[in-house]
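Engineer: Next up, upload.tsv (TSV, C-alpha atoms).
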```tsv
chain	number	residue	atom	x	y	z
O	10	MET	CA	85.87	5.04	-34.83
O	11	TYR	CA	86.95	1.42	-35.10
O	12	ILE	CA	84.94	-0.74	-32.67
O	13	PRO	CA	85.57	-4.50	-32.61
O	14	GLU	CA	82.46	-6.34	-31.47
O	15	HIS	CA	84.01	-7.37	-28.16
O	16	PHE	CA	84.77	-3.72	-27.34
O	17	ALA	CA	81.16	-2.51	-27.73
O	18	ALA	CA	79.54	-0.56	-24.90
O	19	PRO	CA	77.94	-2.92	-22.36
O	20	SER	CA	74.58	-1.14	-22.30
O	21	ALA	CA	72.64	1.96	-23.26
O	22	GLU	CA	72.68	3.01	-19.62
O	23	ALA	CA	76.49	2.90	-19.59
O	24	ILE	CA	76.64	5.39	-22.44
O	25	VAL	CA	74.30	7.82	-20.66
O	26	LYS	CA	76.25	7.43	-17.41
O	27	LEU	CA	79.58	8.20	-19.10
O	28	ILE	CA	78.22	11.45	-20.53
O	29	HIS	CA	76.65	12.30	-17.17
O	30	ASP	CA	79.85	11.61	-15.20
O	31	PHE	CA	82.32	13.05	-17.75
O	32	PRO	CA	80.46	15.98	-19.36
O	33	LEU	CA	83.50	17.84	-20.69
O	34	ALA	CA	83.26	17.07	-24.41
O	35	ASN	CA	85.75	17.75	-27.16
O	36	LEU	CA	83.45	19.54	-29.61
O	37	LEU	CA	84.70	19.31	-33.19
O	38	THR	CA	83.34	21.77	-35.77
O	39	ALA	CA	84.32	23.22	-39.13
O	40	LEU	CA	86.55	26.28	-39.23
O	41	ASP	CA	86.35	28.95	-41.92
O	42	ALA	CA	89.37	29.77	-44.02
O	43	ALA	CA	91.38	32.70	-42.70
O	44	GLY	CA	93.83	34.60	-44.87
O	45	ASP	CA	95.96	32.04	-46.68
O	46	GLN	CA	94.88	29.25	-44.34
O	47	PRO	CA	92.52	26.64	-45.85
O	48	MET	CA	89.25	25.69	-44.20
O	49	GLY	CA	89.81	23.05	-41.55
O	50	LEU	CA	88.53	21.79	-38.23
O	51	THR	CA	88.63	23.14	-34.70
O	52	ILE	CA	88.16	21.37	-31.36
O	53	ASN	CA	86.90	23.15	-28.26
O	54	PRO	CA	86.55	21.58	-24.79
O	55	VAL	CA	82.92	22.32	-23.86
O	56	PRO	CA	80.83	20.94	-20.96
O	57	MET	CA	77.68	19.41	-22.48
O	58	VAL	CA	74.71	17.79	-20.72
O	59	LEU	CA	71.51	16.19	-21.90
O	60	ALA	CA	68.70	18.72	-22.19
O	61	PRO	CA	65.83	18.54	-19.67
O	62	GLY	CA	63.76	15.41	-20.23
O	63	GLU	CA	66.34	13.72	-22.43
O	64	SER	CA	68.01	11.84	-19.57
O	65	THR	CA	64.83	10.31	-18.16
O	66	GLY	CA	64.59	7.47	-20.66
O	67	THR	CA	68.00	5.99	-19.88
O	68	GLU	CA	66.86	2.47	-20.76
O	69	PHE	CA	66.95	3.63	-24.37
O	70	GLY	CA	70.31	5.35	-24.09
O	71	ILE	CA	70.96	8.28	-26.36
O	72	GLU	CA	69.08	7.95	-29.62
O	73	PRO	CA	69.04	10.09	-32.79
O	74	GLY	CA	67.04	13.22	-32.06
O	75	ALA	CA	68.22	13.55	-28.46
O	76	ARG	CA	69.45	17.03	-27.51
O	77	LEU	CA	72.36	18.30	-25.45
O	78	TRP	CA	72.87	21.83	-24.15
O	79	ALA	CA	76.05	23.85	-23.80
O	80	HIS	CA	77.38	27.38	-24.16
O	81	VAL	CA	80.58	29.08	-25.27
O	82	ALA	CA	81.95	32.59	-25.04
O	83	ARG	CA	80.55	35.01	-27.60
O	84	ALA	CA	84.18	35.89	-28.39
O	85	ASN	CA	84.85	32.28	-29.41
O	86	PRO	CA	84.82	32.22	-33.25
O	87	MET	CA	83.72	28.58	-33.45
O	88	TRP	CA	79.99	29.37	-33.32
O	89	GLN	CA	80.11	31.93	-36.14
O	90	THR	CA	80.47	29.26	-38.86
O	91	LEU	CA	77.58	27.10	-37.65
O	92	ALA	CA	74.88	28.77	-39.76
O	93	ASP	CA	76.24	27.21	-42.97
O	94	LYS	CA	78.28	24.37	-41.39
O	95	PRO	CA	76.18	23.08	-38.48
O	96	GLN	CA	77.53	19.52	-38.48
O	97	ALA	CA	79.59	18.67	-35.41
O	98	MET	CA	80.99	15.82	-33.34
O	99	ALA	CA	81.01	15.67	-29.55
O	100	MET	CA	83.56	13.28	-28.02
O	101	PHE	CA	83.24	12.26	-24.35
O	102	ASN	CA	86.09	10.36	-22.69
O	103	GLY	CA	85.54	8.30	-19.55
O	104	PRO	CA	88.03	6.39	-17.38
O	105	SER	CA	91.28	5.32	-19.03
O	106	ALA	CA	94.43	3.60	-17.82
O	107	TYR	CA	97.69	2.14	-19.07
O	108	ILE	CA	97.83	-1.65	-18.72
O	109	THR	CA	101.25	-3.17	-18.03
O	110	PRO	CA	101.99	-6.71	-19.28
O	111	ASN	CA	103.18	-7.46	-15.74
O	112	ALA	CA	99.53	-7.46	-14.63
O	113	TYR	CA	98.76	-10.62	-16.62
O	114	PRO	CA	99.35	-13.99	-14.90
O	115	SER	CA	99.75	-15.46	-18.41
O	116	LYS	CA	102.99	-13.49	-18.74
O	117	GLN	CA	104.62	-15.97	-16.37
O	118	THR	CA	103.83	-18.93	-18.64
O	119	THR	CA	103.77	-17.66	-22.23
O	120	HIS	CA	105.32	-14.16	-22.24
O	121	ARG	CA	103.03	-13.55	-25.24
O	122	VAL	CA	101.76	-10.23	-23.89
O	123	VAL	CA	102.27	-6.58	-24.78
O	124	PRO	CA	101.33	-3.24	-23.18
O	125	THR	CA	97.99	-1.69	-24.01
O	126	TYR	CA	95.68	1.11	-22.95
O	127	ASN	CA	92.14	0.67	-21.64
O	128	TYR	CA	89.60	3.42	-22.20
O	129	THR	CA	85.92	4.26	-22.56
O	130	THR	CA	84.61	6.82	-25.02
O	131	VAL	CA	81.39	8.02	-26.63
O	132	GLN	CA	81.27	9.89	-29.94
O	133	LEU	CA	78.12	11.71	-31.02
O	134	THR	CA	77.64	13.24	-34.46
O	135	GLY	CA	74.94	15.80	-34.92
O	136	GLN	CA	73.92	19.34	-35.70
O	137	LEU	CA	74.48	22.48	-33.64
O	138	VAL	CA	72.10	25.42	-33.34
O	139	VAL	CA	73.16	28.72	-31.76
O	140	HIS	CA	70.83	30.48	-29.33
O	141	HIS	CA	71.05	34.23	-28.70
O	142	ASP	CA	67.74	34.62	-26.86
O	143	PRO	CA	68.49	35.69	-23.25
O	144	GLU	CA	65.73	33.51	-21.77
O	145	MET	CA	66.97	30.43	-23.62
O	146	LYS	CA	70.55	31.13	-22.59
O	147	GLN	CA	69.47	31.45	-18.96
O	148	GLN	CA	67.65	28.11	-19.21
O	149	ILE	CA	70.82	26.50	-20.57
O	150	VAL	CA	73.05	28.03	-17.90
O	151	THR	CA	70.59	27.10	-15.14
O	152	HIS	CA	70.35	23.50	-16.35
O	153	LEU	CA	74.14	23.13	-16.62
O	154	THR	CA	74.59	24.66	-13.16
O	155	GLN	CA	72.05	22.34	-11.57
O	156	HIS	CA	73.77	19.35	-13.17
O	157	HIS	CA	77.21	20.28	-11.83
O	158	GLU	CA	76.07	21.54	-8.43
O	159	ALA	CA	73.91	18.50	-7.66
O	160	ASN	CA	76.50	16.89	-5.38
O	161	GLN	CA	77.49	20.05	-3.51
O	162	ALA	CA	76.52	20.23	0.17
O	163	VAL	CA	74.97	23.64	-0.50
O	164	PRO	CA	74.33	23.89	-4.25
O	165	TRP	CA	75.00	27.27	-5.83
O	166	SER	CA	72.12	28.67	-7.86
O	167	VAL	CA	72.20	31.00	-10.84
O	168	ASN	CA	69.82	33.21	-8.87
O	169	ASP	CA	72.51	33.65	-6.21
O	170	ALA	CA	74.26	36.07	-8.60
O	171	PRO	CA	73.09	39.72	-8.75
O	172	ALA	CA	70.61	40.21	-11.59
O	173	ASP	CA	72.66	42.88	-13.38
O	174	TYR	CA	75.80	40.74	-13.17
O	175	LEU	CA	73.93	37.70	-14.50
O	176	GLN	CA	72.58	39.65	-17.46
O	177	ALA	CA	76.08	40.89	-18.27
O	178	MET	CA	77.40	37.33	-18.17
O	179	LEU	CA	74.58	36.09	-20.40
O	180	LYS	CA	75.41	38.77	-22.97
O	181	ALA	CA	78.97	37.41	-23.10
O	182	ILE	CA	77.92	33.90	-24.18
O	183	VAL	CA	75.94	32.10	-26.86
O	184	GLY	CA	73.86	29.03	-26.14
O	185	LEU	CA	74.38	25.80	-28.07
O	186	GLU	CA	71.88	23.02	-28.73
O	187	PHE	CA	73.28	19.79	-30.17
O	188	THR	CA	70.83	17.38	-31.83
O	189	VAL	CA	72.20	13.85	-32.08
O	190	HIS	CA	72.32	12.10	-35.45
O	191	SER	CA	74.42	9.05	-34.55
O	192	VAL	CA	76.02	7.42	-31.50
O	193	LYS	CA	79.21	5.37	-31.32
O	194	ALA	CA	80.66	4.05	-28.07
O	195	LYS	CA	83.71	1.94	-27.27
O	196	TRP	CA	84.53	0.15	-24.01
O	197	LYS	CA	88.08	-1.23	-24.27
O	198	VAL	CA	88.28	-2.80	-20.81
O	199	SER	CA	90.25	-6.06	-21.21
O	200	GLN	CA	87.31	-8.06	-22.62
O	201	ASN	CA	89.78	-9.87	-24.91
O	202	ARG	CA	91.76	-11.28	-21.95
O	203	SER	CA	91.11	-14.44	-19.94
O	204	SER	CA	89.31	-14.19	-16.61
O	205	ALA	CA	92.63	-14.81	-14.84
O	206	ASP	CA	94.31	-11.97	-16.73
O	207	GLN	CA	91.33	-9.70	-16.06
O	208	ALA	CA	91.66	-10.43	-12.34
O	209	GLY	CA	95.35	-9.57	-12.55
O	210	VAL	CA	94.60	-6.27	-14.28
O	211	ILE	CA	91.97	-5.39	-11.66
O	212	SER	CA	94.44	-6.09	-8.85
O	213	GLU	CA	97.19	-4.01	-10.45
O	214	LEU	CA	94.85	-1.10	-11.15
O	215	GLN	CA	93.50	-1.15	-7.59
O	216	SER	CA	97.05	-0.88	-6.29
O	217	ARG	CA	97.37	2.58	-7.89
O	218	THR	CA	95.69	4.32	-4.99
O	219	ASN	CA	96.83	7.76	-6.17
O	220	ASP	CA	95.24	7.33	-9.62
O	221	PRO	CA	91.44	7.72	-9.54
O	222	HIS	CA	91.14	6.83	-13.24
O	223	ALA	CA	92.94	3.53	-12.63
O	224	THR	CA	90.77	2.55	-9.69
O	225	ARG	CA	87.64	3.52	-11.62
O	226	MET	CA	88.80	1.49	-14.62
O	227	ALA	CA	89.19	-1.50	-12.29
O	228	THR	CA	85.45	-1.41	-11.56
O	229	LEU	CA	84.62	-1.69	-15.28
O	230	ILE	CA	86.60	-4.84	-16.05
O	231	GLY	CA	84.75	-8.14	-16.16
O	232	LYS	CA	81.29	-6.55	-16.23
```
Would you mind writing the file's structure down as structure tokens?
Structural biologist:
Amino acid sequence: MYIPEHFAAPSAEAIVKLIHDFPLANLLTALDAAGDQPMGLTINPVPMVLAPGESTGTEFGIEPGARLWAHVARANPMWQTLADKPQAMAMFNGPSAYITPNAYPSKQTTHRVVPTYNYTTVQLTGQLVVHHDPEMKQQIVTHLTQHHEANQAVPWSVNDAPADYLQAMLKAIVGLEFTVHSVKAKWKVSQNRSSADQAGVISELQSRTNDPHATRMATLIGK
């Protein structure tokens, strides 16, 4: 990923927060050849969260060796190639928004402006391990559930499901553990514009009251 210096992530904490707030990753893995089709790549949308204990040292961000947990359906063929092709990339996308040239005050004086797109993204490369052990899979499912249910008024628990039903569901999945090798993050949030143009972009984004991504992007500009 191309990352100009001025579009670098503002902090290690920001990277951790993006993954925490936007856990649905695009998980890219190798795909075996099938029939007359050559070997290629496949992308699966997979919720992924930092494993227990990994998110406590947020001042250090996500470093090589950190682990993330996830699971996919046993029927999903993506995991079957991981034994000999374990390398993977997990791509997390945060707030994004189209930026109109009309938002820039400088348009009125120079007209030297063009449309662009603001976005935040984190790309992790690493290695995937598949877990079939029922106890490990239940740990993964429980951890993911607790992460996503944390803001519910009455959080649902894995133990709320009947034991026989839970065991049947666990048999239908495989657990995934992703060990991070490298981290790349890009925050393209109008850092290359003047403070006046940034203020104009913030104002225009805040006016899009029906677009939560736009209003969230507004909070990232100028920080």
Engineer: For each of O:Thr125, O:Gln176, O:Val183, O:Trp165, take the minimum atom-to-atom distance to O:Gln89, counting all atoms listed in the file, then give the residue where this is smallest.
Structural biologist: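 Closest to O:Gln89, using all atoms listed in the file: O:Val183.
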Engineer: Choose the residue, out of O:Ile12, O:Ile28, O:Ala205, O:Met87, that has the smallest atom-to-atom separation from O:Asn53; count only C-alpha atoms.
Structural biologist: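 Nearest candidate to O:Asn53 out of O:Ile12, O:Ile28, O:Ala205, O:Met87: O:Met87.
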Engineer: Quick one: which stretch 20-102 of chain O residues come within 12 Å of stretch 224-231 of chain O, and what is the nearest atom pair for each with the distance in Å to one decimal, counting only C-alpha atoms, rows ordered by chain and ascending number, as CSV?
Structural biologist:
```
residue,atom,partner,partner_atom,distance
O:Ala23,CA,O:Leu229,CA,10.3
O:Leu27,CA,O:Leu229,CA,11.7
O:Asp30,CA,O:Arg225,CA,11.8
```
Engineer: If we count all atoms listed in the file and set the cut-off at 10 Å, which residues sit around O:Ser203, ignoring sequence neighbours fewer than 3 positions away in its own chain? Please answer as a list in words.
Structural biologist: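 My reading of the contact set: Tyr113, Pro114, Ser115, Ser199, Gln200, Asp206, Gln207, Ala208, Gly209 and Gly231 of chain O.
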Engineer: Looking at all atoms listed in the file, which of O:Pro171, O:Pro95, O:Gly62, O:Pro124 is the one that sits closest to O:Gln136?
Structural biologist: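 Closest to O:Gln136 of all the choices is O:Pro95.
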Engineer: Go through O:Gln148, O:Thr119, O:Ser216, O:Gln155 one by one, measure the shortest atom-to-atom distance of each to O:Glu186 using only C-alpha atoms, and give the residue with the smallest value.
Structural biologist: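 Closest residue, counting only C-alpha atoms: O:Gln148.
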Engineer: Counting all atoms listed in the file, which residue out of O:Val210, O:Met145, O:Leu36, O:Ala194 sits closest to O:Glu14?
Structural biologist: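 The closest residue to O:Glu14 is O:Ala194.
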Engineer: Between atom CA of O:His152 and atom CA of O:Ser105, what is the spacing in Å?
Structural biologist: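 Rounded to one decimal, the two atoms are 27.9 Å apart.
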Engineer: Return as lines of an AutoDock Vina configuration file the centre and edge lengths, in Å with one decimal, of the box along x, y and z that encloses every atom of stretch 121-124 of chain O in the file, padded by 3 Å per side.
Structural biologist:
```
center_x = 102.2
center_y = -8.4
center_z = -24.2
size_x = 7.7
size_y = 16.3
size_z = 8.1
```
Engineer: As an exercise, work out the distance from atom CA of O:His157 to atom CA of O:Val55 in Å and give it to one decimal place.
Structural biologist: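 Between atom CA of O:His157 and atom CA of O:Val55 the gap is 13.5 Å.
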Engineer: Using all atoms listed in the file, can you tell me which of O:Ala39, O:Val198, O:Ala92, O:Ala112 comes closest to O:Phe16?
Structural biologist: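 When distances to O:Phe16 are compared using all atoms listed in the file, the smallest one comes from O:Val198.
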Engineer: Please report the interatomic distance between atom CA of O:Met100 and atom CA of O:Leu37 in Å with one decimal.
Structural biologist: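 Result for atom CA of O:Met100 versus atom CA of O:Leu37: 8.0 Å, one decimal.
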Engineer: If you keep N, CA and C atoms, can you output stretch 207-219 of chain O as a PDB file, in the first residue's frame?
Structural biologist:
```pdb
ATOM      1  N   GLN O 207      -9.410  22.560   5.482  1.00  0.00           N
ATOM      2  CA  GLN O 207      -9.824  21.495   6.403  1.00  0.00           C
ATOM      3  C   GLN O 207     -11.106  21.883   7.130  1.00  0.00           C
ATOM      4  N   ALA O 208     -11.183  23.138   7.572  1.00  0.00           N
ATOM      5  CA  ALA O 208     -12.400  23.600   8.250  1.00  0.00           C
ATOM      6  C   ALA O 208     -13.596  23.529   7.318  1.00  0.00           C
ATOM      7  N   GLY O 209     -13.380  23.858   6.041  1.00  0.00           N
ATOM      8  CA  GLY O 209     -14.468  23.764   5.072  1.00  0.00           C
ATOM      9  C   GLY O 209     -14.927  22.340   4.858  1.00  0.00           C
ATOM     10  N   VAL O 210     -13.982  21.405   4.821  1.00  0.00           N
ATOM     11  CA  VAL O 210     -14.322  19.989   4.648  1.00  0.00           C
ATOM     12  C   VAL O 210     -15.105  19.488   5.864  1.00  0.00           C
ATOM     13  N   ILE O 211     -14.655  19.862   7.065  1.00  0.00           N
ATOM     14  CA  ILE O 211     -15.360  19.452   8.277  1.00  0.00           C
ATOM     15  C   ILE O 211     -16.804  19.939   8.245  1.00  0.00           C
ATOM     16  N   SER O 212     -16.985  21.207   7.892  1.00  0.00           N
ATOM     17  CA  SER O 212     -18.335  21.779   7.850  1.00  0.00           C
ATOM     18  C   SER O 212     -19.215  21.053   6.846  1.00  0.00           C
ATOM     19  N   GLU O 213     -18.672  20.772   5.666  1.00  0.00           N
ATOM     20  CA  GLU O 213     -19.465  20.094   4.633  1.00  0.00           C
ATOM     21  C   GLU O 213     -19.817  18.677   5.059  1.00  0.00           C
ATOM     22  N   LEU O 214     -18.866  17.972   5.660  1.00  0.00           N
ATOM     23  CA  LEU O 214     -19.129  16.609   6.111  1.00  0.00           C
ATOM     24  C   LEU O 214     -20.175  16.592   7.225  1.00  0.00           C
ATOM     25  N   GLN O 215     -20.094  17.530   8.147  1.00  0.00           N
ATOM     26  CA  GLN O 215     -21.058  17.588   9.241  1.00  0.00           C
ATOM     27  C   GLN O 215     -22.466  17.887   8.753  1.00  0.00           C
ATOM     28  N   SER O 216     -22.578  18.493   7.580  1.00  0.00           N
ATOM     29  CA  SER O 216     -23.906  18.800   7.041  1.00  0.00           C
ATOM     30  C   SER O 216     -24.611  17.558   6.508  1.00  0.00           C
ATOM     31  N   ARG O 217     -23.867  16.462   6.316  1.00  0.00           N
ATOM     32  CA  ARG O 217     -24.462  15.219   5.804  1.00  0.00           C
ATOM     33  C   ARG O 217     -24.997  14.411   6.998  1.00  0.00           C
ATOM     34  N   THR O 218     -26.057  14.882   7.573  1.00  0.00           N
ATOM     35  CA  THR O 218     -26.566  14.277   8.799  1.00  0.00           C
ATOM     36  C   THR O 218     -27.084  12.859   8.611  1.00  0.00           C
ATOM     37  N   ASN O 219     -27.345  12.461   7.371  1.00  0.00           N
ATOM     38  CA  ASN O 219     -27.831  11.100   7.116  1.00  0.00           C
ATOM     39  C   ASN O 219     -26.701  10.154   6.732  1.00  0.00           C
TER      40      ASN O 219
END
```
